[in-house]
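Chemist: After the structure tokens below, expect a handful of questions from me.
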Amino acid sequence: MKLIVSFALLISISILKAQEHVSSFNALTINYKFHPKFFIYAEGQARGIEDYTYPDYYEIKGGLGYNLTKNHKPFIGLGKYATYKNHAIDKEEFRVWLQDIIDFKKGIVKFENRFRAEKSWFYEPQKDISSERIRYRYRLNISVPLNSKKIGPKTLFANVYDEIFLVTPMKPTFARNRVYGGFGYQIDDHFGVLGGYLWQREFEAKGNKNVHFVYLALNINIDDTGSKTKTYHFPGAD
């Protein structure tokens, strides 16, 4: 508890010294396993980047995943994204991606390696400008149950991760780094909640930027395969 309080104070002092503000990051995710090997994933987000209480970024996305093995899950997805400024759409994005997740456990600690390649098409309606981007992402996500040997109903768990973003043709190539720390609670077989702090560092030619998010999410897991062994999906801030 002392460590958590100290960490929170350190974050608060850093934000105040840098004269930066806290942004909101809210998500609803649904993971539907309709076959022992296949699952559908969907997610909606609303972020208040410039003003915590007023969402100025939205996204809705989803896709199809395949359980190649117990610890190997390739995925294909697509999504629609919108950024607002002064209550008007500033930029729209359509994105498709290929993803691969390889995870393993060491004792009760789960390590998840996520690799993703994305292709995006942008349109800025106020300037009538179109552009494209290719982005590569890698995330190491670590989770550990705190009151059980594995995550299941009524389990409290801790979650931390680090993710890097590489882009082309924009410069600099190393475009972003995300660091997250938080806690989650699996309420029952279907519902789980998460909350934590996400620090996002943007690297840009015109100058770097820090964004501090308070992350809140509701996760819904539905398994229609009849399997006695349940798995629980926690995508994290994405």
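As shown in the structure tokens, the chain order sets the letters A, B, ...; within each chain, residues go from 1, and ligands are also counted from 1 in the order they appear.
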Residues within 8 Å of stretch 89-106 of chain A, please, as JSON, numbers by chain. Count only C-alpha atoms; anything in the same chain fewer than 5 positions from it doesn't count.
Modeler: {"A": [71, 72, 73, 74, 75, 76, 77, 78, 79, 80, 81, 82, 83, 84, 111, 112, 113, 114, 115, 116, 117, 118, 119, 120, 121, 122, 123, 124, 125, 126]}
Chemist: Per DSSP on the backbone, what are the strand (DSSP E) residues of stretch 15-207 of chain A, as a VMD selection string?
Modeler: chain A and resid 22 to 33 38 to 48 57 to 66 72 to 85 88 to 106 109 to 124 129 to 145 155 to 168 174 to 186 191 to 202
Chemist: Could you tell me, as an MDAnalysis selection string, which residues of stretch 13-167 of chain A DSSP assigns to helix (DSSP H, G or I) when given the backbone?
Modeler: chainID A and resid 13:17
Chemist: Using only C-alpha atoms for the distances, tell me which of A:Ile151, A:Ala237, A:Ile134, A:Ile222 is nearest to A:Tyr41.
Modeler: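 When distances to A:Tyr41 are compared using only C-alpha atoms, the smallest one comes from A:Ile222.
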Chemist: To one decimal place in Å, what is the distance between atom CA of A:Arg137 and atom CA of A:Glu163?
Modeler: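 Answer for the atom CA of A:Arg137 to atom CA of A:Glu163 separation: 7.0 Å.
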Chemist: Between A:Lys171, A:Arg133, A:Lys127, A:Lys110, which is the closest to A:Asn159 once you count only C-alpha atoms?
Modeler: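 For A:Asn159, the nearest of the candidates is A:Lys110.
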Chemist: I'd like the neighbourhood of A:Ala42 as a list in words, where a residue qualifies if any of its atoms comes within 7 Å (using only C-alpha atoms), though same-chain residues fewer than 2 positions away should be ignored.
Modeler: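 Close residues of A:Ala42: Thr29, Ile30, Asn31, Ile40, Lys61, Gly62 and Gly63 of chain A.
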Chemist: With distances taken over only C-alpha atoms, which of A:Tyr161, A:Phe191, A:Phe174, A:Tyr197 is nearest to A:Asn219?
Modeler: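 The closest residue to A:Asn219 is A:Phe191.
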Chemist: Could you name the residues that touch stretch 202-207 of chain A at 10 Å or less, counting only C-alpha atoms, but leaving out those on the same chain fewer than 5 positions away, as a ChimeraX atom specification?
Modeler: /A:165,170-178
Chemist: May I ask for the distance between atom CA of A:Gly107 and atom CA of A:Ser148, given in Å to one decimal place?
Modeler: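 Distance reported for this atom pair: 11.9 Å.
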Chemist: Looking at only C-alpha atoms, which of A:Gly226, A:Gly48, A:Pro235, A:Gly184 is the one that sits closest to A:Val214?
Modeler: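 Nearest candidate to A:Val214 out of A:Gly226, A:Gly48, A:Pro235, A:Gly184: A:Gly48.
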Chemist: Expressed in Å to a single decimal, how great is the separation between atom CA of A:Phe157 and atom CA of A:Asn221?
Modeler: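 Separation between atom CA of A:Phe157 and atom CA of A:Asn221: 16.6 Å.
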Chemist: For A:Phe34, work out the shell of residues within 7 Å, counting only C-alpha atoms and skipping chain neighbours fewer than 4 positions away, then give it as a PyMOL selection string.
Modeler: chain A and resi 38-39+223-225
Chemist: Excluding A:Pro36 and residues on its chain fewer than 3 positions from it, collect all residues at most 8 Å away from it, counting only C-alpha atoms, and give them as an MDAnalysis selection string.
Modeler: chainID A and resid 33 67 225 227
